[in-house]
file structure29.txt (compact mmCIF, C-alpha atoms)
# COMPACT_ATOMS: atom_id res chain seq x y z
CA MET A 1 -36.50 -0.57 -10.01
CA LYS A 2 -36.13 0.46 -6.39
CA LYS A 3 -37.50 3.77 -5.18
CA PRO A 4 -35.17 6.02 -3.15
CA PRO A 5 -36.97 5.59 0.20
CA ASP A 6 -36.24 1.85 0.07
CA LEU A 7 -32.54 2.60 -0.02
CA LEU A 8 -32.47 5.04 2.89
CA PRO A 9 -30.62 5.53 5.11
CA LEU A 10 -27.44 5.28 3.04
CA THR A 11 -24.22 4.17 4.66
CA PRO A 12 -21.64 7.00 4.91
CA PRO A 13 -19.42 5.57 2.12
CA VAL A 14 -22.34 5.25 -0.29
CA PHE A 15 -23.61 8.74 0.55
CA HIS A 16 -20.22 10.35 -0.01
CA ILE A 17 -19.53 8.36 -3.18
CA LEU A 18 -22.79 9.68 -4.62
CA LEU A 19 -21.86 13.23 -3.59
CA ALA A 20 -18.49 12.79 -5.29
CA LEU A 21 -20.26 11.87 -8.52
CA ALA A 22 -22.83 14.68 -8.25
CA ASP A 23 -20.82 17.22 -10.23
CA GLU A 24 -18.84 15.05 -12.63
CA GLU A 25 -18.03 11.48 -13.52
CA ARG A 26 -14.91 10.11 -11.88
CA HIS A 27 -12.79 6.99 -11.73
CA GLY A 28 -12.29 5.08 -8.49
CA TYR A 29 -9.22 6.95 -7.35
CA GLY A 30 -10.88 10.28 -8.14
CA ILE A 31 -13.89 9.27 -6.04
CA MET A 32 -11.65 8.43 -3.10
CA GLN A 33 -9.87 11.80 -3.37
CA ASP A 34 -13.13 13.72 -3.55
CA VAL A 35 -14.62 11.87 -0.59
CA ALA A 36 -11.49 12.68 1.44
CA ARG A 37 -11.91 16.37 0.50
CA GLN A 38 -15.62 16.35 1.40
CA THR A 39 -14.94 14.90 4.83
CA ASN A 40 -11.62 16.58 5.67
CA ASP A 41 -9.88 13.20 5.45
CA ALA A 42 -12.24 11.70 8.03
CA LEU A 43 -13.39 9.11 5.50
CA GLN A 44 -10.57 7.61 3.47
CA LEU A 45 -11.96 4.83 1.34
CA GLY A 46 -9.77 1.81 0.76
CA PRO A 47 -9.99 -0.04 -2.56
CA GLY A 48 -11.95 -2.97 -1.11
CA THR A 49 -14.61 -0.80 0.50
CA LEU A 50 -14.87 1.51 -2.51
CA TYR A 51 -15.30 -1.18 -5.15
CA GLY A 52 -17.57 -3.23 -2.86
CA CYS A 53 -19.84 -0.18 -2.57
CA LEU A 54 -19.67 0.56 -6.30
CA LYS A 55 -20.64 -3.03 -7.05
CA ARG A 56 -23.75 -2.76 -4.89
CA MET A 57 -24.57 0.72 -6.18
CA LEU A 58 -24.34 -0.52 -9.76
CA ALA A 59 -26.68 -3.36 -8.89
CA ALA A 60 -29.13 -0.94 -7.25
CA GLY A 61 -28.97 1.39 -10.27
CA LEU A 62 -27.57 4.37 -8.34
CA VAL A 63 -24.51 4.66 -10.59
CA GLU A 64 -23.55 3.39 -14.00
CA GLU A 65 -20.33 2.70 -15.75
CA SER A 66 -19.11 5.32 -18.16
CA GLU A 67 -16.40 4.86 -20.74
CA GLU A 68 -12.82 3.79 -20.14
CA ARG A 69 -10.31 6.51 -20.85
CA PRO A 70 -7.01 7.85 -19.55
CA ASP A 71 -6.96 10.55 -16.88
CA LEU A 72 -4.90 13.38 -18.32
CA GLU A 73 -3.70 14.48 -14.88
CA LEU A 74 -2.49 11.05 -13.84
CA ASP A 75 -0.97 8.89 -16.57
CA ASP A 76 -1.66 7.18 -19.85
CA GLU A 77 -3.37 4.23 -18.29
CA ARG A 78 -7.02 3.74 -19.17
CA ARG A 79 -9.42 3.92 -16.24
CA ARG A 80 -13.04 3.04 -15.82
CA TYR A 81 -15.21 6.07 -15.05
CA TYR A 82 -18.45 6.05 -13.07
CA ARG A 83 -21.41 8.38 -13.32
CA MET A 84 -24.49 8.95 -11.21
CA THR A 85 -27.92 7.94 -12.56
CA ALA A 86 -31.17 9.87 -12.16
CA LEU A 87 -32.14 7.43 -9.43
CA GLY A 88 -28.81 8.07 -7.73
CA ARG A 89 -29.44 11.81 -7.77
CA MET A 90 -32.93 11.39 -6.30
CA THR A 91 -31.57 9.09 -3.65
CA VAL A 92 -28.72 11.31 -2.52
CA ARG A 93 -31.13 14.31 -2.40
CA ALA A 94 -33.57 12.32 -0.30
CA GLU A 95 -30.74 11.23 2.00
CA ALA A 96 -29.45 14.79 2.29
CA SER A 97 -32.86 16.12 3.31
CA ARG A 98 -33.34 13.22 5.72
CA LEU A 99 -30.01 14.13 7.32
CA ALA A 100 -30.91 17.84 7.33
CA ALA A 101 -34.15 17.06 9.15
CA ALA A 102 -32.26 14.95 11.65
CA VAL A 103 -29.69 17.69 12.19
CA SER A 104 -32.32 20.41 12.74
CA ALA A 105 -34.16 18.18 15.21
CA ALA A 106 -30.88 17.67 17.04
CA LYS A 107 -30.21 21.41 17.07
CA VAL A 108 -33.56 22.13 18.66
CA LYS A 109 -33.12 19.45 21.30
CA LEU A 110 -29.53 20.33 22.10
CA GLY A 111 -29.96 24.12 21.96
CA LEU A 112 -27.42 24.50 19.19
CA ALA A 113 -29.69 26.59 16.94
CA GLY A 114 -27.19 29.27 15.94
CA GLY A 115 -27.71 31.91 18.69
CA LYS A 116 -31.51 32.22 18.30
CA MET B 1 6.33 5.89 -14.92
CA ASN B 2 9.22 4.44 -12.97
CA ASP B 3 8.21 3.25 -9.56
CA SER B 4 10.64 2.57 -6.77
CA ILE B 5 11.29 -1.04 -5.83
CA SER B 6 9.27 -0.79 -2.63
CA ILE B 7 6.23 0.45 -4.51
CA ARG B 8 6.55 -2.36 -7.01
CA VAL B 9 6.85 -4.89 -4.21
CA ALA B 10 3.84 -3.41 -2.43
CA CYS B 11 1.79 -3.62 -5.63
CA ARG B 12 2.81 -7.23 -6.18
CA LEU B 13 1.76 -8.00 -2.64
CA TYR B 14 -1.55 -6.24 -3.14
CA THR B 15 -2.15 -8.18 -6.35
CA ALA B 16 -1.63 -11.38 -4.38
CA MET B 17 -4.01 -10.16 -1.69
CA LEU B 18 -6.71 -9.71 -4.30
CA PHE B 19 -6.99 -13.49 -4.50
CA ALA B 20 -8.81 -13.40 -1.17
CA TYR B 21 -11.82 -11.89 -2.93
CA PRO B 22 -14.36 -14.03 -4.75
CA ARG B 23 -13.26 -14.80 -8.29
CA GLU B 24 -16.09 -12.89 -9.89
CA PHE B 25 -15.36 -9.74 -7.90
CA ARG B 26 -11.63 -10.00 -8.58
CA LEU B 27 -12.11 -10.42 -12.33
CA ARG B 28 -14.44 -7.45 -12.53
CA TYR B 29 -12.68 -4.98 -10.21
CA GLY B 30 -9.18 -6.40 -9.69
CA VAL B 31 -7.48 -4.25 -12.34
CA GLU B 32 -9.15 -1.09 -11.10
CA MET B 33 -8.22 -1.90 -7.51
CA GLN B 34 -4.59 -2.44 -8.52
CA GLN B 35 -4.59 0.92 -10.33
CA PHE B 36 -6.15 2.51 -7.27
CA PHE B 37 -3.56 1.03 -4.94
CA ARG B 38 -0.64 1.97 -7.17
CA GLU B 39 -1.92 5.52 -7.53
CA ARG B 40 -2.15 5.89 -3.76
CA CYS B 41 1.42 4.61 -3.34
CA ARG B 42 2.66 7.05 -5.98
CA GLU B 43 0.86 9.93 -4.34
CA LEU B 44 2.42 9.15 -0.96
CA ALA B 45 5.83 8.84 -2.63
CA ARG B 46 5.36 12.22 -4.34
CA GLU B 47 4.48 13.78 -1.01
CA ARG B 48 7.62 12.21 0.44
CA ALA B 49 5.50 10.78 3.21
CA GLY B 50 7.28 9.72 6.38
CA GLY B 51 7.33 6.26 7.94
CA GLY B 52 4.31 6.97 10.13
CA VAL B 53 2.14 7.86 7.13
CA TRP B 54 3.19 4.72 5.27
CA PHE B 55 2.52 2.65 8.38
CA ARG B 56 -1.00 4.08 8.73
CA PHE B 57 -1.53 3.52 5.02
CA GLY B 58 -0.52 -0.13 5.47
CA VAL B 59 -2.75 -0.68 8.47
CA ARG B 60 -5.67 1.04 6.79
CA ASN B 61 -5.29 -1.09 3.67
CA LEU B 62 -5.04 -4.25 5.71
CA THR B 63 -8.23 -3.39 7.58
CA ASP B 64 -9.95 -2.48 4.34
CA TRP B 65 -8.82 -5.75 2.80
CA ILE B 66 -10.04 -7.89 5.70
CA LEU B 67 -13.39 -6.13 6.08
CA SER B 68 -14.20 -6.03 2.37
CA THR B 69 -13.13 -9.65 1.84
CA VAL B 70 -15.43 -10.73 4.63
CA ARG B 71 -18.19 -8.63 3.13
CA GLU B 72 -17.75 -9.81 -0.45
CA ARG B 73 -17.41 -13.41 0.54
CA ARG B 74 -20.59 -13.14 2.60
CA VAL B 75 -18.97 -14.80 5.55
CA PRO B 76 -21.76 -15.81 7.93
CA LYS B 77 -22.35 -13.43 10.84
CA LEU B 78 -21.50 -16.15 13.32
CA VAL B 79 -18.03 -16.65 11.82
CA GLN B 80 -17.47 -12.90 11.62
CA GLU B 81 -18.18 -12.59 15.30
CA TRP B 82 -15.88 -15.45 16.18
CA ALA B 83 -13.09 -14.36 13.87
CA VAL B 84 -11.67 -11.79 16.27
CA THR B 85 -11.80 -14.27 19.11
CA ILE B 86 -10.01 -16.88 17.05
CA LEU B 87 -7.36 -14.46 15.83
CA LEU B 88 -6.79 -13.28 19.38
CA PHE B 89 -6.56 -16.87 20.54
CA LEU B 90 -3.97 -17.69 17.87
CA PHE B 91 -1.97 -14.61 18.76
CA VAL B 92 -2.00 -15.43 22.45
CA THR B 93 -1.12 -19.08 21.99
CA THR B 94 1.73 -18.39 19.62
CA THR B 95 3.39 -15.47 21.33
CA MET B 96 2.26 -15.21 24.92
CA VAL B 97 1.57 -18.60 26.38
CA GLN B 98 2.37 -22.17 25.51
CA ALA B 99 0.59 -25.26 26.68
CA TYR B 100 2.84 -27.92 28.10
CA VAL B 101 2.33 -31.37 29.61
CA VAL B 102 4.79 -32.59 32.19
CA PRO B 103 6.00 -36.02 31.05
CA THR B 104 8.39 -36.96 33.84
CA GLY B 105 8.57 -36.85 37.58
CA SER B 106 11.76 -34.87 37.83
CA MET B 107 9.97 -32.07 39.67
CA GLU B 108 7.88 -34.47 41.76
CA GLY B 109 6.80 -32.90 45.00
CA ASN B 110 5.80 -29.70 43.24
CA ILE B 111 4.95 -30.71 39.70
CA LEU B 112 3.52 -34.13 38.89
CA VAL B 113 3.50 -36.28 35.79
CA GLY B 114 0.38 -35.36 33.84
CA ASP B 115 0.18 -31.74 34.93
CA HIS B 116 -1.08 -29.76 31.96
CA MET B 117 0.09 -26.22 32.32
CA LEU B 118 0.23 -22.92 30.52
CA VAL B 119 3.67 -21.40 30.35
CA ASP B 120 3.92 -17.60 30.39
CA LYS B 121 6.30 -16.78 27.53
CA VAL B 122 6.66 -13.06 28.10
CA GLY B 123 7.27 -12.79 31.85
CA PHE B 124 11.04 -12.93 31.70
CA GLU B 125 13.16 -10.40 29.93
CA ASN B 126 15.02 -13.02 27.94
CA GLY B 127 12.02 -15.12 27.06
CA GLY B 128 12.97 -15.53 23.42
CA SER B 129 11.57 -12.57 21.52
CA ASN B 130 12.18 -9.28 23.20
CA TRP B 131 9.53 -6.98 21.76
CA SER B 132 7.25 -7.69 24.69
CA SER B 133 9.76 -6.55 27.27
CA TYR B 134 9.07 -2.97 26.21
CA VAL B 135 5.34 -3.31 26.65
CA LEU B 136 4.61 -5.83 29.34
CA PRO B 137 5.80 -6.18 32.91
CA HIS B 138 8.70 -8.56 33.19
CA ARG B 139 11.53 -9.37 35.51
CA ASP B 140 14.85 -11.14 35.50
CA VAL B 141 15.13 -14.79 36.39
CA LYS B 142 15.79 -15.33 40.09
CA ARG B 143 17.27 -18.24 42.00
CA GLY B 144 14.46 -20.55 42.99
CA ASP B 145 12.27 -19.76 39.96
CA ILE B 146 10.65 -22.67 38.22
CA ILE B 147 11.27 -22.24 34.52
CA ALA B 148 10.35 -23.94 31.27
CA PHE B 149 13.12 -24.07 28.69
CA ARG B 150 14.26 -25.87 25.59
CA TYR B 151 16.35 -28.90 26.42
CA PRO B 152 19.80 -27.96 25.12
CA GLU B 153 20.53 -31.50 23.89
CA ASP B 154 17.29 -31.59 21.89
CA ILE B 155 15.52 -28.28 21.49
CA ARG B 156 12.30 -29.93 20.38
CA GLN B 157 11.72 -30.91 23.98
CA THR B 158 10.63 -28.54 26.68
CA PHE B 159 11.81 -29.16 30.22
CA VAL B 160 10.66 -27.67 33.50
CA LYS B 161 13.21 -27.31 36.33
CA ARG B 162 14.18 -24.99 39.13
CA VAL B 163 16.90 -22.35 38.78
CA ILE B 164 19.70 -23.02 41.27
CA GLY B 165 22.55 -20.98 39.84
CA LEU B 166 22.76 -17.66 38.01
CA PRO B 167 25.82 -16.54 36.04
CA GLY B 168 28.85 -16.33 38.32
CA ASP B 169 27.45 -18.64 41.01
CA ARG B 170 29.65 -21.45 42.29
CA ILE B 171 27.74 -24.70 42.76
CA ARG B 172 28.57 -28.07 44.21
CA LEU B 173 26.75 -30.89 45.96
CA GLU B 174 27.98 -32.65 49.06
CA ASN B 175 26.03 -35.77 49.98
CA LYS B 176 22.94 -34.40 48.19
CA GLN B 177 23.29 -31.04 49.95
CA VAL B 178 23.57 -28.14 47.47
CA ILE B 179 26.27 -25.64 48.34
CA ARG B 180 26.07 -22.36 46.46
CA ASN B 181 28.84 -19.79 46.77
CA GLY B 182 30.04 -21.60 49.88
CA GLN B 183 26.66 -21.61 51.61
CA LYS B 184 24.54 -24.64 52.30
CA LEU B 185 21.05 -24.23 50.89
CA ASP B 186 17.99 -25.12 52.88
CA GLU B 187 15.68 -26.34 50.15
CA PRO B 188 12.15 -27.05 51.36
CA TYR B 189 11.04 -27.85 47.81
CA ALA B 190 13.61 -30.58 47.21
CA GLN B 191 12.62 -34.20 47.56
CA TYR B 192 14.81 -37.28 47.94
CA THR B 193 13.73 -40.82 47.24
CA THR B 194 16.76 -42.74 48.37
CA SER B 195 19.50 -42.42 50.94
CA ASP B 196 22.00 -44.11 48.60
CA ILE B 197 24.84 -41.88 47.62
CA ASP B 198 25.75 -41.85 43.96
CA ASP B 199 28.99 -39.90 43.68
CA TYR B 200 28.23 -38.40 40.32
CA ARG B 201 24.73 -37.32 41.30
CA ASP B 202 25.17 -36.43 44.95
CA ASN B 203 28.75 -35.23 45.18
CA PHE B 204 28.65 -33.28 41.96
CA PRO B 205 31.02 -32.30 40.32
CA THR B 206 33.71 -34.41 41.98
CA ALA B 207 33.24 -37.55 39.90
CA PRO B 208 33.36 -36.58 36.24
CA ASP B 209 33.51 -38.76 33.15
CA PHE B 210 30.40 -40.62 34.01
CA TYR B 211 27.92 -38.89 31.86
CA THR B 212 28.76 -38.04 28.31
CA LEU B 213 26.07 -35.75 26.89
CA GLY B 214 27.69 -32.91 24.95
CA GLY B 215 26.77 -30.08 27.30
CA GLY B 216 27.87 -32.06 30.34
CA ARG B 217 31.29 -32.74 28.92
CA THR B 218 31.77 -29.10 27.99
CA MET B 219 30.79 -28.11 31.51
CA PHE B 220 33.35 -30.46 33.05
CA SER B 221 36.15 -29.36 30.79
CA HIS B 222 35.53 -25.61 30.97
CA ASN B 223 33.51 -24.64 34.00
CA VAL B 224 34.81 -26.66 36.95
CA GLN B 225 37.25 -24.99 39.33
CA ASN B 226 38.33 -26.28 42.73
CA GLY B 227 35.60 -28.90 42.78
CA GLU B 228 32.84 -26.39 41.98
CA VAL B 229 30.90 -25.58 38.85
CA ILE B 230 31.02 -21.90 37.96
CA VAL B 231 27.97 -20.79 35.97
CA PRO B 232 29.16 -18.94 32.83
CA PRO B 233 27.57 -15.67 31.59
CA ASP B 234 24.12 -15.84 29.95
CA THR B 235 23.35 -19.32 31.19
CA LEU B 236 21.45 -20.90 34.07
CA PHE B 237 22.13 -23.91 36.23
CA VAL B 238 18.95 -25.86 36.91
CA LEU B 239 18.03 -28.86 39.04
CA GLY B 240 14.85 -30.91 39.31
CA ASP B 241 13.12 -30.91 42.68
CA ASN B 242 13.08 -34.70 42.62
CA ARG B 243 16.84 -34.72 43.08
CA ASP B 244 17.50 -38.42 42.87
CA ASN B 245 15.57 -38.89 39.62
CA SER B 246 16.21 -35.81 37.61
CA LEU B 247 18.05 -35.37 34.35
CA ASP B 248 19.23 -31.82 34.89
CA SER B 249 22.22 -29.46 34.64
CA ARG B 250 24.35 -32.02 36.48
CA TYR B 251 24.16 -34.25 33.42
CA TRP B 252 23.83 -32.02 30.39
CA GLY B 253 25.22 -28.69 31.49
CA PHE B 254 23.84 -25.17 31.49
CA VAL B 255 20.71 -23.70 29.94
CA PRO B 256 21.61 -20.81 27.59
CA SER B 257 19.36 -17.95 28.64
CA ASN B 258 17.93 -17.62 25.13
CA TYR B 259 16.59 -21.18 25.46
CA LEU B 260 14.28 -19.96 28.19
CA VAL B 261 10.63 -20.38 27.24
CA GLY B 262 8.97 -18.90 30.28
CA LYS B 263 7.54 -19.63 33.66
CA PRO B 264 4.68 -21.99 34.47
CA LEU B 265 1.59 -19.87 34.84
CA VAL B 266 -1.21 -22.18 35.85
CA ILE B 267 -2.01 -25.87 35.89
CA TYR B 268 -5.27 -26.08 33.99
CA TRP B 269 -5.66 -29.83 34.18
CA SER B 270 -3.85 -32.62 35.94
CA PHE B 271 -4.42 -36.22 34.92
CA ASP B 272 -2.87 -39.18 36.65
CA ALA B 273 -1.23 -41.32 33.95
CA PRO B 274 2.22 -42.86 33.56
CA THR B 275 5.11 -41.13 31.86
CA SER B 276 4.90 -43.42 28.81
CA ASP B 277 1.45 -42.04 27.98
CA TYR B 278 2.81 -38.51 27.80
CA VAL B 279 5.96 -39.35 25.89
CA ASP B 280 4.28 -41.35 23.14
CA TRP B 281 0.75 -40.57 22.14
CA ASN B 282 -1.31 -43.73 22.16
CA LEU B 283 -4.89 -44.81 21.82
CA ARG B 284 -4.91 -46.46 25.20
CA HIS B 285 -4.32 -43.08 26.81
CA VAL B 286 -7.31 -41.58 25.01
CA GLU B 287 -9.43 -44.44 26.24
CA ASP B 288 -8.02 -44.00 29.73
CA VAL B 289 -8.95 -40.32 29.73
CA ALA B 290 -12.42 -41.05 28.40
CA LEU B 291 -13.16 -43.73 30.98
CA HIS B 292 -11.45 -42.28 34.02
CA PHE B 293 -11.67 -38.57 33.43
CA PHE B 294 -13.38 -37.87 36.72
CA SER B 295 -11.59 -40.34 38.92
CA LYS B 296 -8.06 -39.79 37.60
CA THR B 297 -8.17 -36.04 37.31
CA ARG B 298 -6.38 -34.53 40.28
CA TRP B 299 -9.01 -31.93 40.96
CA ASP B 300 -7.13 -30.29 43.80
CA ARG B 301 -4.29 -29.33 41.45
CA MET B 302 -6.46 -27.59 38.91
CA LEU B 303 -5.92 -23.86 38.58
CA THR B 304 -3.02 -23.93 40.98
CA ARG B 305 0.29 -22.38 40.19
CA PRO B 306 3.71 -24.07 40.57
CA LYS B 307 5.41 -21.89 43.14
CA SER B 308 8.79 -20.36 42.72
CA GLN B 309 10.48 -20.52 46.07
CA ALA B 310 13.86 -19.24 47.14
CA ALA B 311 16.13 -21.48 49.16
CA LYS B 312 17.02 -20.18 52.61
call {"tool": "encode", "arguments": {"input": "structure29.txt", "output": "structure tokens"}}
result
Amino acid sequence: MKKPPDLLPLTPPVFHILLALADEERHGYGIMQDVARQTNDALQLGPGTLYGCLKRMLAAGLVEESEERPDLELDDERRRYYRMTALGRMTVRAEASRLAAAVSAAKVKLGLAGGK
Amino acid sequence: MNDSISIRVACRLYTAMLFAYPREFRLRYGVEMQQFFRERCRELARERAGGGVWFRFGVRNLTDWILSTVRERRVPKLVQEWAVTILLFLFVTTTMVQAYVVPTGSMEGNILVGDHMLVDKVGFENGGSNWSSYVLPHRDVKRGDIIAFRYPEDIRQTFVKRVIGLPGDRIRLENKQVIRNGQKLDEPYAQYTTSDIDDYRDNFPTAPDFYTLGGGRTMFSHNVQNGEVIVPPDTLFVLGDNRDNSLDSRYWGFVPSNYLVGKPLVIYWSFDAPTSDYVDWNLRHVEDVALHFFSKTRWDRMLTRPKSQAAK
């Protein structure tokens, strides 16, 4: 199994998909909606991109398939749900702290450090 | 849930588009992707989204489809990089320019047999489709313009001639001399190969009933007044520069303005070979090109532009 550092940096879609699954398991459409919320609609995943990413994330062991069940808010149709694995959680944490480090370095260099 | 017809059609279309993905991917994720797509359509419908939102949704899905297909199919990097170039090339060659080889010497003097040229299809306002006239610079056809157009008697053929008469113009020829609206034209571009006078050709339109192509007959029965042809609305009267050997408006009538293809843009290659080689493709011509490419190419004509020129 791959270790998180091998997978970094994550592409923006992968990073946000993992974030979307951090609090609960979701189906594809739910992931897209949550990613749009996270990014203020800046990142709107299309079906091809989303399922392409999920395929690779499944292969890398970042997410796993959960059961198939209907979404009570949507309709009676059964949908496949996805959930984050322990490796996925480690990876998204590692990516978040990598980004945080990058952002604080940028703040220092650009003099953006919140009025200090 | 009852979906509107447009949503159902869109979903059908999307289902068809899924066949672009590799089989394995489609079998595993196809159903989920269809659900995803349908859900998005329903959400937009619930929000009563306007045309702009639907348009962006369409464009975004198309982009997503192309990019993810390329990704899932593992199209080699080289092809990916060329794809845009190829698509652009196809777009340009189908809507903006057309390649054309001049098969006959009817414009001899300015355009020779074997001139390979690109025809600009969007430069004139009436050049077929009109969407471009909103976006790109264009102008109306003027007298003296060289134009490419579909031959009215057989629209599979493209002809190149010079515009002599616009709608409303009165045209006649007197001993080869063109007289337009009562004025003799001084035509530096015209070329004559014989001093013989053929009444039909050189004293047009005083000797009818000689030529019997459909358009020509219609012209003689409807558009001749007092020994002059009057160009009807939305048509053009064209003549070849090689006046004595040109099958032009004198014989088959007017060019409807929606038959206009465009104007010659540039001669990209000119190869000296007889008319027969350009009318019927033959192996001998290929051999001729291969053997005499350097000696028979008219290098001085390459990248020149057939000039539109107004008569004085």
call {"tool": "residues_around", "arguments": {"input": "structure29.txt", "residues": "Arg143 (chain B)", "least_positions_apart": "2", "cutoff": "6 Å", "atoms": "only C-alpha atoms", "output": "ChimeraX atom specification"}}
result
/B:145,163-164
call {"tool": "write_last_selection", "arguments": {"input": "structure29.txt", "atoms": "C-alpha atoms", "output": "JSON list (two decimals), keeping the file's coordinate frame"}}
result
[["chain", "number", "residue", "atom", "x", "y", "z"],
["B", 145, "ASP", "CA", 12.27, -19.76, 39.96],
["B", 163, "VAL", "CA", 16.90, -22.35, 38.78],
["B", 164, "ILE", "CA", 19.70, -23.02, 41.27]]
call {"tool": "closest_atom_pairs", "arguments": {"input": "structure29.txt", "of": "chain A", "to": "chain B", "cutoff": "6 Å", "atoms": "all atoms listed in the file", "output": "Markdown table"}}
result
| residue | atom | partner | partner_atom | distance |
| --- | --- | --- | --- | --- |
| A:Tyr29 | CA | B:Phe36 | CA | 5.4 |
| A:Gly46 | CA | B:Asp64 | CA | 5.6 |
| A:Pro47 | CA | B:Met33 | CA | 5.6 |
| A:Gly48 | CA | B:Ser68 | CA | 5.2 |
| A:Thr49 | CA | B:Ser68 | CA | 5.6 |
call {"tool": "write_last_selection", "arguments": {"input": "structure29.txt", "atoms": "C-alpha atoms", "output": "short mmCIF file (atom, residue, chain, number, x, y, z; two decimals), in the coordinates of the input"}}
result
data_model
loop_
_atom_site.label_atom_id
_atom_site.label_comp_id
_atom_site.auth_asym_id
_atom_site.auth_seq_id
_atom_site.Cartn_x
_atom_site.Cartn_y
_atom_site.Cartn_z
CA TYR A 29 -9.22 6.95 -7.35
CA GLY A 46 -9.77 1.81 0.76
CA PRO A 47 -9.99 -0.04 -2.56
CA GLY A 48 -11.95 -2.97 -1.11
CA THR A 49 -14.61 -0.80 0.50
#
call {"tool": "residues_around", "arguments": {"input": "structure29.txt", "residues": "Asp248 (chain B)", "least_positions_apart": "3", "cutoff": "8 Å", "atoms": "only C-alpha atoms", "output": "number ranges by chain"}}
result
B: 161, 238-240, 251-253
call {"tool": "residues_near_point", "arguments": {"input": "structure29.txt", "point": "(4.1, -38.0, 29.6)", "cutoff": "9 Å", "atoms": "all atoms listed in the file", "output": "PDB file with C-alpha atoms, in the coordinates of the input"}}
result
ATOM      1  CA  VAL B 101       2.330 -31.370  29.610  1.00  0.00           C
ATOM      2  CA  VAL B 102       4.790 -32.590  32.190  1.00  0.00           C
ATOM      3  CA  PRO B 103       6.000 -36.020  31.050  1.00  0.00           C
ATOM      4  CA  THR B 104       8.390 -36.960  33.840  1.00  0.00           C
ATOM      5  CA  VAL B 113       3.500 -36.280  35.790  1.00  0.00           C
ATOM      6  CA  GLY B 114       0.380 -35.360  33.840  1.00  0.00           C
ATOM      7  CA  ALA B 273      -1.230 -41.320  33.950  1.00  0.00           C
ATOM      8  CA  PRO B 274       2.220 -42.860  33.560  1.00  0.00           C
ATOM      9  CA  THR B 275       5.110 -41.130  31.860  1.00  0.00           C
ATOM     10  CA  SER B 276       4.900 -43.420  28.810  1.00  0.00           C
ATOM     11  CA  ASP B 277       1.450 -42.040  27.980  1.00  0.00           C
ATOM     12  CA  TYR B 278       2.810 -38.510  27.800  1.00  0.00           C
ATOM     13  CA  VAL B 279       5.960 -39.350  25.890  1.00  0.00           C
ATOM     14  CA  ASP B 280       4.280 -41.350  23.140  1.00  0.00           C
ATOM     15  CA  TRP B 281       0.750 -40.570  22.140  1.00  0.00           C
TER      16      TRP B 281
END
call {"tool": "residues_around", "arguments": {"input": "structure29.txt", "residues": "Ser308 (chain B)", "least_positions_apart": "3", "cutoff": "8 Å", "atoms": "all atoms listed in the file", "output": "tab-separated table (two decimals) with C-alpha atoms, keeping the file's coordinate frame"}}
result
chain	number	residue	atom	x	y	z
B	144	GLY	CA	14.46	-20.55	42.99
B	145	ASP	CA	12.27	-19.76	39.96
B	146	ILE	CA	10.65	-22.67	38.22
B	162	ARG	CA	14.18	-24.99	39.13
call {"tool": "residues_near_point", "arguments": {"input": "structure29.txt", "point": "(-29.8, 11.2, 2.5)", "cutoff": "10 Å", "atoms": "all atoms listed in the file", "output": "MDAnalysis selection string"}}
result
chainID A and resid 4:5 7:12 14:16 90:101
call {"tool": "residues_around", "arguments": {"input": "structure29.txt", "residues": "Arg46 (chain B)", "least_positions_apart": "4", "cutoff": "12 Å", "atoms": "all atoms listed in the file", "output": "JSON, numbers by chain"}}
result
{"B": [3, 4, 7, 39, 40, 41, 42, 50]}
call {"tool": "axis_aligned_box", "arguments": {"input": "structure29.txt", "around": "region 84-91 of chain A", "padding_each_side": "5 Å", "output": "lines of an AutoDock Vina configuration file"}}
result
center_x = -28.7
center_y = 9.6
center_z = -8.1
size_x = 18.4
size_y = 14.4
size_z = 18.9
call {"tool": "residues_around", "arguments": {"input": "structure29.txt", "residues": "Tyr151 (chain B)", "least_positions_apart": "4", "cutoff": "12 Å", "atoms": "all atoms listed in the file", "output": "number ranges by chain"}}
result
B: 147, 155-161, 213, 215, 238, 247-249, 251-261
call {"tool": "atom_distance", "arguments": {"input": "structure29.txt", "atom1": "CA of Ser195 (chain B)", "atom2": "CA of Gln177 (chain B)"}}
result
12.0 Å
call {"tool": "atom_distance", "arguments": {"input": "structure29.txt", "atom1": "CA of Asn203 (chain B)", "atom2": "CA of Asp154 (chain B)"}}
result
26.2 Å
call {"tool": "closest_residue", "arguments": {"input": "structure29.txt", "among": "B:His222, B:Lys176, B:Lys307, B:Arg8", "to": "Met107 (chain B)", "atoms": "all atoms listed in the file"}}
result
B:Lys307
call {"tool": "closest_residue", "arguments": {"input": "structure29.txt", "among": "A:Lys107, A:Cys53, A:Ile17, A:Arg26", "to": "Tyr82 (chain A)", "atoms": "all atoms listed in the file"}}
result
A:Arg26
